[in-house]
Amino acid sequence: MSTADAHDANRRDFLYIATGAVGAVGAASVAIPLIDQMNPSADVLALASIEVNLEPIEEGQSITVTWRGNPVIIRHRTAKEIEEAKATPVSDLPDGLARNANLAENAPATDENRVVDGKEQYLVQMGVCTHLGCVPIGNEGDYDGWFCPCHGSHYDSAGRIRKGPAPENLHVPQYTYVSDTQIKIG
Amino acid sequence: MSGHSTYNPTNPVMKWLDDRLPMPRLMYDSFVSYPVPRNLNYWYTFGGILMIMLVSQIITGVVLVMHYTPDTSMAFDSIEHIRRNVNYGNILQKWHAVGASFFFIAVYIHIARGMYYGSYKAPREILWMLGVVIFLVMMATGFMGYVLPWGQMSFWGAKVITNLFSAVPFFGEPIVTWLWGGFSVDNATLQRFFSLHYLLPFVLVGVVILHVWALHVTGQTNPTGVEVKSGQDTLPFTPYATVKDAFALCVFFLFFCAFVFYAPDYLGHSINYQEANPLSTPAHIVPEWYYLPFYAILRAIPDKLLGVVAMFGSILIWFALPWLDTSKVRSAAYRPIYKQLFWILMIVFFGLGVVGANPPEGWWITAGQILTFYYFAHFLVLLPLVGLLETPKPLPSSISDAVLASNGAKAPAAQPAE
Ligand code: HEM
Ligand code: FES
C-alpha cells in the first residue's frame with residue numbers, strides 16, 4: 001500500500017470495524033435460535049400438574065407415578081422407617097440439605113424437612129438418582145430405603161443419600177395436599 | 001514423502017481430465033505409486049480396514065433409515081419391522097449393529113499398534129491427534145446410534161451418559177435439559193440423536209481425509225521405527241500394500257460375517273429387546289462392550305464430578321502422548337522396558353473392561369480403583385520416566401538392512417540409538 005492514501009486507510013479502517021461489528025451481531029443472532037431450539041419446546045414446558053390419591057397405598061407400600069416424564073416415588077413409610085430416619089443426625093449425612101422444593105434452599109436434611117408436617121408417613125420424592133438419573137429400587141440397600149443399581153448409591157428411609165457416588169438426596173418435588181388424602185404434584 | 005508426481009496418463013480422457021482437475025493424479029499418487037516401507041506387518045493393515053468399515057457403516061445406515069422411524073412410539077417396532085419384514089432387513093440390520101462392534105475392534109487394534117510402534121512421535125503428532133479426534137467422534141456416533149432402537153439399554157444408557165454433564169459446576173442442570181430438550185430422555189432426545197447419528201459419520205469422513213493427508217505428508221512408520229532413508233526402503237503402495245490390505249480385510253470380514261450370521265446378538269444385551277420404560281431401570285445397566293474400560297474409570301472414583309473428569313481425561317490424555325513419552329526410540333521392539341509396560345497396559349485396559357461389565361460391588365470397586373490408578377500412572381509417571389532411564393537396543397541402520405538381516409542374508413549393521 002502506498003503512503004499517499006492515509007485518508008483511504010482511515011475510511012477502510014472504519015469499514016473493517018463496521019463490517020466486523022455487523023458480522024458479530026449477525027453471527028450471534030443466528031447462533032441464538034440455532035442453540036435455543038434444542039431447549040424444551042412449549043408443549044413440553046406446558047405439562048400440567050398431576051393429582052394423586054394416597055389412600056390406596058398401604059403402610060410399607062410404594063407407588064410410582066409419572067410427572068414431566070420422570071418417575072415420582074410415593075411411599076407410605078412404616079413406623080420403623082420413620083424412627084430410623086429421625087434417629088439419624090444431619091451431621092452424619094453426606095448431603096446436609098433437604099432438597100425439598102417446598103422449603104427454603106438451605107433447609108437442613110432432617111426427616112421433618114423431607115415430608116409434610118403431620119403427614120410424615122408419606123414420603124414423596126423424585127425417582128431419579130441424583131448421580132446419573134437411574135430409578136432407585138425400593139426396599140433395597142444398606143439403609144432400609146432405596147438402592148440405585150447403576151453405580152451403587154444407597155438412600156435411607158427418608159430418601160437421603162448415605163453411601164455411593166450420588167452427591168445429593170433424592171429431590172422432593174413441589175406438591176401440596178389438596179385434601180386429606182389427595183396431593184397435587186407440580 | 002510427498003515427492004514428485006510420477007503420474008503420466010496415456011489415456012487421452014484421463015489426460016484431459018487431469019489437466020483440468022488433477023483428481024486422477026491425486027488418486028494415483030496416494031494409492032498406486034505412494035511409497036510405503038517394505039517391512040510393514042499386518043498390524044499396519046487396520047487403517048485400511050477402518051476405512052472400509054466406515055464406508056460399510058454409512059451404506060448400511062443409509063439403507064436402514066429408509067425403514068426406521070425416529071419416534072418413541074414407533075422406533076422399537078420399526079427395528080423389529082426391519083428385522084422381520086423388510087427384504088434382507090435382518091442381515092442389513094445386523095450388519096450395521098455388529099459392524100459397529102467390529103469398527104471398534106479394528107480401531108482399538110489400530111490405536112494399540114500406534115502405541116506399540118511409537119507412531120505418535122514427531123513428526124506424526126498431528127496425525128495421531130486427528131486419530132484421537134476420530135476416536136471421540138466414533139464414540140459419540142456409536143452412543144447415539146445405540147439409543148435409536150429405543151430398548152431398555154438404549155434408554156438407560158442415554159440417560160446415564162447425558163447425565164454425566166450434570167456434573168458440570170453451576171451450568172450442569174441447564175446443559176442436561178438442553179441436551180434432552182425436556183426433563184428426561186424423551187422424544188425430543190431421540191429425534192436429535194437420530195439427526196446427529198446421521199451427521200457424524202460424514203464428519204468422520206472429513207476427519208479421516210485429514211488423517212490420511214497428514215499420513216501422506218510424514219509417511220508411515222514401520223516395525224523398526226527407523227525412518228525411510230532411501231528408495232531401497234520402500235515399495236509402491238500398489239500392488240504390495242493393496243494386496244496385503246485386501247487379504248487382511250478378507251480375514252477380518254471372515255470373523256465379522258461369522259458374528260453377523262451366527263452370533264448377531266452375542267456382543268449386545270438381550271435386555272435391549274425390551275422396549276424402553278422410563279419408570280424402571282434394569283438391574284444391571286452396562287454400556288456396549290467398547291465403552292466398558294472408560295465406564296469402569298467413571299465408577300472407580302466415588303465423586304461425581306471427579307469421576308466424569310477421570311473418564312474423559314483417560315481419553316484426552318492421549319492428546320498429550322507425543323510429549324509424555326520422552327524416549328527418542330520409536331518402536332517398542334527396541335525398548336525392552338517400554339515393551340513390557342505396553343503389554344501391562346493392554347492387560348490393565350482389558351481388566352478395566354471386565355470391571356466395567358460387573359456390578360459396582362465388593363472387591364470389583366477396589367479392582368477398578370487399582371487399575372484406574374495404574375492406567376493414569378502409566379501415562380503420567382512411567383512413560384516420562386522410562387524414556388529417560390531405559391537403555392534401548394541398537395537400532396538397524398536402515399529398513400532395508402533390517403529386512404535383509406531378518407532374511408539371514410546379512411548381519412545387522414548395529415548402530416547406537418538415534
Ligand atoms: C475411522 C477411523 C480411522 C481410520 C479410517 C484410520 C485410517 C488410517 C489409515 C488408512 C492409516 C494408514 C495405514 C495404517 O497405518 O494402518 C492410518 C495410520 C495411522 N492412524 Fe489411523 N485411522 C482411524 C482411526 C485412528 C485413531 C482412533 C488413531 C489414534 C488415536 C489413529 C492413529 C493413527 C496413526 C498414529 C497412524 C500412523 C501409523 C504409522 O505410520 O505408524 N487412527 N490411519
Ligand atoms: S445413577 Fe444412581 S448410582 Fe449412578
# chains A, B, ... in the order shown; residues from 1 in each chain; ligands from 1

call {"tool": "residues_around", "arguments": {"residues": "Asn8 (chain B)", "least_positions_apart": "5", "cutoff": "10 Å", "atoms": "only C-alpha atoms", "output": "ChimeraX atom specification"}}
result
/B:14-15,18,25,28

call {"tool": "write_last_selection", "arguments": {"atoms": "N, CA and C atoms", "output": "mmCIF file, in the first residue's frame"}}
result
data_model
loop_
_atom_site.group_PDB
_atom_site.id
_atom_site.type_symbol
_atom_site.label_atom_id
_atom_site.label_comp_id
_atom_site.auth_asym_id
_atom_site.auth_seq_id
_atom_site.Cartn_x
_atom_site.Cartn_y
_atom_site.Cartn_z
ATOM 1 N N MET B 14 -8.264 -39.379 -19.530
ATOM 2 C CA MET B 14 -7.659 -39.117 -18.235
ATOM 3 C C MET B 14 -6.741 -37.908 -18.311
ATOM 4 N N LYS B 15 -6.034 -37.789 -19.422
ATOM 5 C CA LYS B 15 -5.119 -36.662 -19.573
ATOM 6 C C LYS B 15 -5.918 -35.362 -19.629
ATOM 7 N N ASP B 18 -7.110 -34.696 -16.169
ATOM 8 C CA ASP B 18 -6.003 -34.354 -15.274
ATOM 9 C C ASP B 18 -5.535 -32.921 -15.485
ATOM 10 N N ARG B 25 -4.629 -37.828 -10.735
ATOM 11 C CA ARG B 25 -3.246 -37.723 -10.260
ATOM 12 C C ARG B 25 -3.201 -37.909 -8.751
ATOM 13 N N TYR B 28 -3.723 -41.539 -8.002
ATOM 14 C CA TYR B 28 -2.563 -42.337 -8.407
ATOM 15 C C TYR B 28 -1.416 -42.148 -7.409
#

call {"tool": "interface_residues", "arguments": {"of": "chain A", "to": "chain B", "cutoff": "9 Å", "atoms": "only C-alpha atoms", "output": "PyMOL selection string"}}
result
chain A and resi 35-41+44-45+64-66+68-72+127+131-137+148-152+164-167

call {"tool": "closest_atom_pairs", "arguments": {"of": "chain B", "to": "ligand 1", "cutoff": "8 Å", "atoms": "only C-alpha atoms and all ligand atoms", "output": "CSV"}}
result
residue,atom,partner,partner_atom_place_in_ligand_line,distance
B:Trp43,CA,ligand 1,16 (O),6.9
B:Tyr44,CA,ligand 1,16 (O),4.0
B:Thr45,CA,ligand 1,16 (O),4.8
B:Phe46,CA,ligand 1,16 (O),4.6
B:Gly47,CA,ligand 1,16 (O),3.3
B:Gly48,CA,ligand 1,10 (C),4.4
B:Ile49,CA,ligand 1,5 (C),7.3
B:Leu50,CA,ligand 1,5 (C),4.2
B:Met51,CA,ligand 1,5 (C),3.9
B:Ile52,CA,ligand 1,5 (C),7.5
B:Met53,CA,ligand 1,5 (C),7.7
B:Leu54,CA,ligand 1,1 (C),6.1
B:Phe103,CA,ligand 1,1 (C),7.9
B:Val107,CA,ligand 1,27 (C),5.8
B:Tyr108,CA,ligand 1,27 (C),7.5
B:His110,CA,ligand 1,42 (N),6.3
B:Ile111,CA,ligand 1,29 (C),4.8
B:Arg113,CA,ligand 1,41 (O),7.4
B:Gly114,CA,ligand 1,35 (C),5.1
B:Tyr117,CA,ligand 1,41 (O),6.4
B:Gly118,CA,ligand 1,41 (O),7.0
B:Ser119,CA,ligand 1,41 (O),4.0
B:Tyr120,CA,ligand 1,35 (C),5.0
B:Arg124,CA,ligand 1,35 (C),6.6
B:Glu125,CA,ligand 1,35 (C),7.6
B:Leu127,CA,ligand 1,35 (C),5.6
B:Trp128,CA,ligand 1,35 (C),4.1
B:Met129,CA,ligand 1,30 (C),6.6
B:Leu130,CA,ligand 1,28 (C),7.0
B:Gly131,CA,ligand 1,28 (C),3.3
B:Val132,CA,ligand 1,30 (C),3.8
B:Val133,CA,ligand 1,27 (C),7.0
B:Ile134,CA,ligand 1,27 (C),5.2
B:Phe135,CA,ligand 1,27 (C),4.2
B:Leu136,CA,ligand 1,27 (C),7.8
B:Met138,CA,ligand 1,1 (C),7.3
B:Leu204,CA,ligand 1,1 (C),6.5
B:Val205,CA,ligand 1,1 (C),7.6
B:Val208,CA,ligand 1,5 (C),5.6
B:His211,CA,ligand 1,43 (N),6.5
B:Val212,CA,ligand 1,9 (C),6.0
B:Leu215,CA,ligand 1,37 (C),6.2
B:Gly219,CA,ligand 1,40 (O),6.4
B:Gln220,CA,ligand 1,40 (O),3.2
B:Thr221,CA,ligand 1,40 (O),3.9
B:Asn222,CA,ligand 1,41 (O),6.1
B:Trp318,CA,ligand 1,30 (C),7.2

call {"tool": "write_last_selection", "arguments": {"atoms": "N, CA and C atoms", "output": "short mmCIF file (atom, residue, chain, number, x, y, z; two decimals), in the first residue's frame"}}
result
data_model
loop_
_atom_site.label_atom_id
_atom_site.label_comp_id
_atom_site.auth_asym_id
_atom_site.auth_seq_id
_atom_site.Cartn_x
_atom_site.Cartn_y
_atom_site.Cartn_z
N TRP B 43 -0.22 -55.57 11.37
CA TRP B 43 -0.81 -54.57 12.27
C TRP B 43 -1.03 -53.25 11.53
N TYR B 44 -0.34 -53.07 10.43
CA TYR B 44 -0.48 -51.84 9.65
C TYR B 44 -1.63 -51.90 8.64
N THR B 45 -2.37 -53.01 8.65
CA THR B 45 -3.47 -53.08 7.68
C THR B 45 -4.79 -52.56 8.26
N PHE B 46 -4.78 -52.24 9.56
CA PHE B 46 -6.07 -51.90 10.18
C PHE B 46 -6.58 -50.51 9.78
N GLY B 47 -5.66 -49.61 9.38
CA GLY B 47 -6.13 -48.32 8.89
C GLY B 47 -7.02 -48.51 7.67
N GLY B 48 -6.57 -49.34 6.75
CA GLY B 48 -7.37 -49.61 5.55
C GLY B 48 -8.68 -50.30 5.92
N ILE B 49 -8.60 -51.26 6.85
CA ILE B 49 -9.81 -51.96 7.30
C ILE B 49 -10.80 -50.96 7.88
N LEU B 50 -10.28 -49.98 8.65
CA LEU B 50 -11.17 -48.98 9.26
C LEU B 50 -11.89 -48.17 8.18
N MET B 51 -11.17 -47.84 7.11
CA MET B 51 -11.83 -47.07 6.04
C MET B 51 -12.99 -47.86 5.46
N ILE B 52 -12.77 -49.15 5.21
CA ILE B 52 -13.84 -49.97 4.65
C ILE B 52 -15.00 -50.07 5.65
N MET B 53 -14.68 -50.20 6.93
CA MET B 53 -15.74 -50.30 7.93
C MET B 53 -16.57 -49.01 7.97
N LEU B 54 -15.89 -47.87 7.84
CA LEU B 54 -16.63 -46.60 7.86
C LEU B 54 -17.60 -46.54 6.67
N PHE B 103 -16.00 -52.29 13.98
CA PHE B 103 -15.34 -51.00 13.77
C PHE B 103 -14.48 -50.68 15.00
N VAL B 107 -10.47 -50.32 15.52
CA VAL B 107 -9.86 -49.07 15.96
C VAL B 107 -9.00 -49.29 17.19
N TYR B 108 -9.42 -50.21 18.07
CA TYR B 108 -8.58 -50.48 19.25
C TYR B 108 -7.25 -51.11 18.82
N HIS B 110 -5.81 -50.66 15.95
CA HIS B 110 -5.11 -49.58 15.26
C HIS B 110 -4.42 -48.65 16.27
N ILE B 111 -5.12 -48.31 17.34
CA ILE B 111 -4.55 -47.42 18.36
C ILE B 111 -3.41 -48.13 19.09
N ARG B 113 -1.54 -50.49 17.95
CA ARG B 113 -0.41 -50.50 17.02
C ARG B 113 0.38 -49.19 17.15
N GLY B 114 -0.37 -48.06 17.16
CA GLY B 114 0.28 -46.75 17.28
C GLY B 114 1.09 -46.64 18.56
N TYR B 117 4.34 -49.10 18.31
CA TYR B 117 5.40 -48.67 17.40
C TYR B 117 5.73 -47.19 17.54
N GLY B 118 5.21 -46.54 18.56
CA GLY B 118 5.53 -45.13 18.78
C GLY B 118 5.13 -44.26 17.61
N SER B 119 4.01 -44.58 16.96
CA SER B 119 3.58 -43.83 15.77
C SER B 119 3.27 -42.37 16.08
N TYR B 120 3.00 -42.08 17.35
CA TYR B 120 2.58 -40.72 17.72
C TYR B 120 3.74 -39.75 17.82
N ARG B 124 4.76 -37.09 13.71
CA ARG B 124 3.39 -37.55 13.42
C ARG B 124 2.40 -37.16 14.50
N GLU B 125 2.69 -36.08 15.25
CA GLU B 125 1.79 -35.70 16.35
C GLU B 125 0.40 -35.33 15.86
N LEU B 127 -1.06 -36.21 13.05
CA LEU B 127 -1.69 -37.44 12.56
C LEU B 127 -2.32 -38.20 13.71
N TRP B 128 -1.57 -38.34 14.80
CA TRP B 128 -2.05 -39.04 15.98
C TRP B 128 -3.23 -38.31 16.61
N MET B 129 -3.10 -36.99 16.75
CA MET B 129 -4.16 -36.23 17.43
C MET B 129 -5.45 -36.24 16.59
N LEU B 130 -5.32 -36.22 15.28
CA LEU B 130 -6.52 -36.36 14.45
C LEU B 130 -7.16 -37.73 14.72
N GLY B 131 -6.30 -38.73 14.95
CA GLY B 131 -6.81 -40.06 15.29
C GLY B 131 -7.62 -40.01 16.58
N VAL B 132 -7.14 -39.29 17.58
CA VAL B 132 -7.87 -39.20 18.85
C VAL B 132 -9.21 -38.50 18.62
N VAL B 133 -9.22 -37.47 17.77
CA VAL B 133 -10.48 -36.79 17.44
C VAL B 133 -11.44 -37.79 16.78
N ILE B 134 -10.91 -38.58 15.85
CA ILE B 134 -11.74 -39.59 15.19
C ILE B 134 -12.34 -40.53 16.23
N PHE B 135 -11.51 -40.96 17.17
CA PHE B 135 -11.99 -41.90 18.19
C PHE B 135 -13.13 -41.27 19.01
N LEU B 136 -12.95 -40.00 19.40
CA LEU B 136 -14.01 -39.33 20.17
C LEU B 136 -15.30 -39.23 19.37
N MET B 138 -16.19 -41.18 16.93
CA MET B 138 -16.72 -42.54 16.84
C MET B 138 -17.51 -42.92 18.08
N LEU B 204 -16.87 -37.77 10.27
CA LEU B 204 -15.75 -38.72 10.34
C LEU B 204 -15.03 -38.81 9.01
N VAL B 205 -15.80 -38.88 7.93
CA VAL B 205 -15.18 -38.96 6.61
C VAL B 205 -14.23 -37.78 6.43
N VAL B 208 -11.16 -38.21 8.61
CA VAL B 208 -10.31 -39.28 8.09
C VAL B 208 -9.50 -38.78 6.89
N HIS B 211 -6.70 -37.04 8.30
CA HIS B 211 -5.83 -38.05 8.90
C HIS B 211 -4.91 -38.66 7.83
N VAL B 212 -5.50 -39.03 6.71
CA VAL B 212 -4.71 -39.66 5.64
C VAL B 212 -3.82 -38.63 4.95
N LEU B 215 -0.94 -38.34 7.12
CA LEU B 215 -0.14 -39.56 6.97
C LEU B 215 0.73 -39.48 5.73
N GLY B 219 4.55 -39.85 5.95
CA GLY B 219 4.81 -41.25 5.62
C GLY B 219 4.54 -42.13 6.82
N GLN B 220 4.44 -43.44 6.56
CA GLN B 220 4.15 -44.36 7.65
C GLN B 220 5.40 -44.67 8.45
N THR B 221 5.19 -45.06 9.71
CA THR B 221 6.31 -45.65 10.44
C THR B 221 6.43 -47.08 9.95
N ASN B 222 7.23 -47.87 10.64
CA ASN B 222 7.35 -49.28 10.30
C ASN B 222 7.84 -49.98 11.55
N TRP B 318 -4.50 -38.99 25.74
CA TRP B 318 -3.80 -39.47 24.53
C TRP B 318 -3.32 -38.29 23.69
#

call {"tool": "closest_residue", "arguments": {"among": "B:Phe259, B:Phe193, B:Tyr295, B:Phe319", "to": "ligand 2", "atoms": "only C-alpha atoms and all ligand atoms"}}
result
B:Tyr295

call {"tool": "residues_around", "arguments": {"residues": "Lys184 (chain A)", "least_positions_apart": "3", "cutoff": "7 Å", "atoms": "only C-alpha atoms", "output": "MDAnalysis selection string"}}
result
chainID A and resid 49:52 175:178

call {"tool": "write_last_selection", "arguments": {"atoms": "N, CA and C atoms", "output": "short mmCIF file (atom, residue, chain, number, x, y, z; two decimals), in the first residue's frame"}}
result
data_model
loop_
_atom_site.label_atom_id
_atom_site.label_comp_id
_atom_site.auth_asym_id
_atom_site.auth_seq_id
_atom_site.Cartn_x
_atom_site.Cartn_y
_atom_site.Cartn_z
N SER A 49 -49.84 -30.21 35.98
CA SER A 49 -49.57 -30.90 37.24
C SER A 49 -50.48 -32.14 37.32
N ILE A 50 -50.14 -33.06 38.22
CA ILE A 50 -50.99 -34.25 38.36
C ILE A 50 -51.48 -34.37 39.80
N GLU A 51 -52.62 -35.03 39.97
CA GLU A 51 -53.14 -35.27 41.31
C GLU A 51 -53.07 -36.76 41.60
N VAL A 52 -52.71 -37.09 42.84
CA VAL A 52 -52.59 -38.50 43.23
C VAL A 52 -53.35 -38.72 44.53
N TYR A 175 -45.20 -30.04 45.84
CA TYR A 175 -46.54 -30.64 45.91
C TYR A 175 -47.29 -30.08 47.11
N THR A 176 -48.62 -30.14 47.03
CA THR A 176 -49.46 -29.67 48.14
C THR A 176 -50.58 -30.67 48.36
N TYR A 177 -51.08 -30.70 49.59
CA TYR A 177 -52.26 -31.53 49.88
C TYR A 177 -53.49 -30.75 49.47
N VAL A 178 -54.26 -31.27 48.52
CA VAL A 178 -55.49 -30.58 48.13
C VAL A 178 -56.64 -31.06 49.01
#

call {"tool": "atom_distance", "arguments": {"atom1": "CA of Arg84 (chain B)", "atom2": "CA of His269 (chain B)"}}
result
19.2 Å

call {"tool": "select_by_dssp", "arguments": {"residues": "chain A", "states": "alpha helix (DSSP H)", "output": "PyMOL selection string"}}
result
chain A and resi 6-36+42-45+79-87

call {"tool": "residues_around", "arguments": {"residues": "region 78-87 of chain A", "least_positions_apart": "4", "cutoff": "7 Å", "atoms": "only C-alpha atoms", "output": "compact mmCIF listing (two decimals) with C-alpha atoms, in the first residue's frame"}}
result
# COMPACT_ATOMS: atom_id res chain seq x y z
CA GLU A 59 -48.28 -49.00 55.01
CA GLY A 60 -44.98 -50.35 53.70
CA ASP A 111 -36.59 -36.13 58.37
CA SER A 157 -35.78 -44.34 54.52
CA ALA A 158 -36.09 -40.57 54.07

call {"tool": "atom_distance", "arguments": {"atom1": "CA of Ala333 (chain B)", "atom2": "CA of Pro394 (chain B)"}}
result
10.4 Å

call {"tool": "residues_around", "arguments": {"residues": "Asn102 (chain A)", "least_positions_apart": "2", "cutoff": "8 Å", "atoms": "only C-alpha atoms", "output": "list in words"}}
result
Asn100, Ala104, Val172, Pro173, Gln174 and Tyr175 of chain A

call {"tool": "decode", "arguments": {"residues": "region 119-150 of chain A", "atoms": "N, CA and C atoms", "output": "mmCIF file, in the first residue's frame"}}
result
data_model
loop_
_atom_site.group_PDB
_atom_site.id
_atom_site.type_symbol
_atom_site.label_atom_id
_atom_site.label_comp_id
_atom_site.auth_asym_id
_atom_site.auth_seq_id
_atom_site.Cartn_x
_atom_site.Cartn_y
_atom_site.Cartn_z
ATOM 1 N N LYS A 119 -47.992 -35.422 58.116
ATOM 2 C CA LYS A 119 -48.172 -36.453 57.074
ATOM 3 C C LYS A 119 -46.847 -37.171 56.883
ATOM 4 N N GLU A 120 -46.146 -37.349 57.997
ATOM 5 C CA GLU A 120 -44.765 -37.823 57.858
ATOM 6 C C GLU A 120 -44.687 -39.251 57.337
ATOM 7 N N GLN A 121 -45.819 -39.976 57.337
ATOM 8 C CA GLN A 121 -45.751 -41.336 56.799
ATOM 9 C C GLN A 121 -45.615 -41.327 55.278
ATOM 10 N N TYR A 122 -46.038 -40.255 54.621
ATOM 11 C CA TYR A 122 -45.973 -40.210 53.153
ATOM 12 C C TYR A 122 -44.720 -39.473 52.678
ATOM 13 N N LEU A 123 -43.801 -40.218 52.111
ATOM 14 C CA LEU A 123 -42.602 -39.612 51.533
ATOM 15 C C LEU A 123 -42.813 -39.505 50.022
ATOM 16 N N VAL A 124 -42.759 -38.272 49.504
ATOM 17 C CA VAL A 124 -42.955 -38.038 48.068
ATOM 18 C C VAL A 124 -41.633 -37.521 47.512
ATOM 19 N N GLN A 125 -41.057 -38.234 46.576
ATOM 20 C CA GLN A 125 -39.752 -37.814 46.057
ATOM 21 C C GLN A 125 -39.568 -38.279 44.614
ATOM 22 N N MET A 126 -38.679 -37.599 43.909
ATOM 23 C CA MET A 126 -38.394 -37.972 42.521
ATOM 24 C C MET A 126 -37.669 -39.321 42.516
ATOM 25 N N GLY A 127 -38.072 -40.213 41.631
ATOM 26 C CA GLY A 127 -37.369 -41.484 41.482
ATOM 27 C C GLY A 127 -36.221 -41.336 40.511
ATOM 28 N N VAL A 128 -35.430 -40.313 40.726
ATOM 29 C CA VAL A 128 -34.326 -40.018 39.820
ATOM 30 C C VAL A 128 -33.061 -39.910 40.661
ATOM 31 N N CYS A 129 -32.207 -40.911 40.545
ATOM 32 C CA CYS A 129 -30.959 -40.910 41.312
ATOM 33 C C CYS A 129 -30.199 -39.628 41.007
ATOM 34 N N THR A 130 -29.702 -38.968 42.052
ATOM 35 C CA THR A 130 -29.016 -37.690 41.823
ATOM 36 C C THR A 130 -27.614 -37.902 41.263
ATOM 37 N N HIS A 131 -27.223 -39.162 41.107
ATOM 38 C CA HIS A 131 -25.946 -39.404 40.432
ATOM 39 C C HIS A 131 -26.159 -39.207 38.932
ATOM 40 N N LEU A 132 -26.654 -40.230 38.244
ATOM 41 C CA LEU A 132 -26.804 -40.088 36.802
ATOM 42 C C LEU A 132 -28.199 -40.437 36.318
ATOM 43 N N GLY A 133 -29.189 -40.375 37.221
ATOM 44 C CA GLY A 133 -30.565 -40.399 36.758
ATOM 45 C C GLY A 133 -31.284 -41.727 36.668
ATOM 46 N N CYS A 134 -30.701 -42.842 37.147
ATOM 47 C CA CYS A 134 -31.442 -44.105 37.125
ATOM 48 C C CYS A 134 -32.566 -44.060 38.156
ATOM 49 N N VAL A 135 -33.467 -45.049 38.087
ATOM 50 C CA VAL A 135 -34.546 -45.127 39.066
ATOM 51 C C VAL A 135 -34.095 -46.032 40.210
ATOM 52 N N PRO A 136 -33.955 -45.510 41.417
ATOM 53 C CA PRO A 136 -33.539 -46.345 42.548
ATOM 54 C C PRO A 136 -34.622 -47.387 42.865
ATOM 55 N N ILE A 137 -34.183 -48.561 43.351
ATOM 56 C CA ILE A 137 -35.100 -49.658 43.643
ATOM 57 C C ILE A 137 -35.452 -49.623 45.130
ATOM 58 N N GLY A 138 -36.753 -49.755 45.449
ATOM 59 C CA GLY A 138 -37.204 -49.683 46.832
ATOM 60 C C GLY A 138 -36.882 -50.934 47.629
ATOM 61 N N ASN A 139 -36.921 -50.811 48.965
ATOM 62 C CA ASN A 139 -36.668 -51.927 49.886
ATOM 63 C C ASN A 139 -35.317 -52.590 49.611
ATOM 64 N N GLU A 140 -34.355 -51.793 49.237
ATOM 65 C CA GLU A 140 -33.038 -52.350 48.952
ATOM 66 C C GLU A 140 -31.974 -51.427 49.527
ATOM 67 N N GLY A 141 -30.764 -51.911 49.537
ATOM 68 C CA GLY A 141 -29.665 -51.092 50.023
ATOM 69 C C GLY A 141 -29.449 -51.277 51.515
ATOM 70 N N ASP A 142 -28.398 -50.646 52.031
ATOM 71 C CA ASP A 142 -27.976 -50.875 53.416
ATOM 72 C C ASP A 142 -28.722 -50.008 54.417
ATOM 73 N N TYR A 143 -29.638 -49.128 53.977
ATOM 74 C CA TYR A 143 -30.217 -48.156 54.912
ATOM 75 C C TYR A 143 -31.742 -48.184 54.887
ATOM 76 N N ASP A 144 -32.323 -49.373 54.635
ATOM 77 C CA ASP A 144 -33.777 -49.513 54.685
ATOM 78 C C ASP A 144 -34.504 -48.544 53.769
ATOM 79 N N GLY A 145 -33.872 -48.225 52.645
ATOM 80 C CA GLY A 145 -34.512 -47.260 51.767
ATOM 81 C C GLY A 145 -34.410 -47.725 50.332
ATOM 82 N N TRP A 146 -33.621 -46.995 49.542
ATOM 83 C CA TRP A 146 -33.527 -47.285 48.113
ATOM 84 C C TRP A 146 -32.081 -47.583 47.738
ATOM 85 N N PHE A 147 -31.948 -48.377 46.688
ATOM 86 C CA PHE A 147 -30.616 -48.682 46.172
ATOM 87 C C PHE A 147 -30.639 -48.435 44.680
ATOM 88 N N CYS A 148 -29.647 -47.691 44.185
ATOM 89 C CA CYS A 148 -29.598 -47.446 42.759
ATOM 90 C C CYS A 148 -28.683 -48.478 42.112
ATOM 91 N N PRO A 149 -29.229 -49.269 41.178
ATOM 92 C CA PRO A 149 -28.460 -50.378 40.617
ATOM 93 C C PRO A 149 -27.337 -49.914 39.692
ATOM 94 N N CYS A 150 -27.422 -48.662 39.232
ATOM 95 C CA CYS A 150 -26.481 -48.278 38.181
ATOM 96 C C CYS A 150 -25.050 -48.186 38.682
#
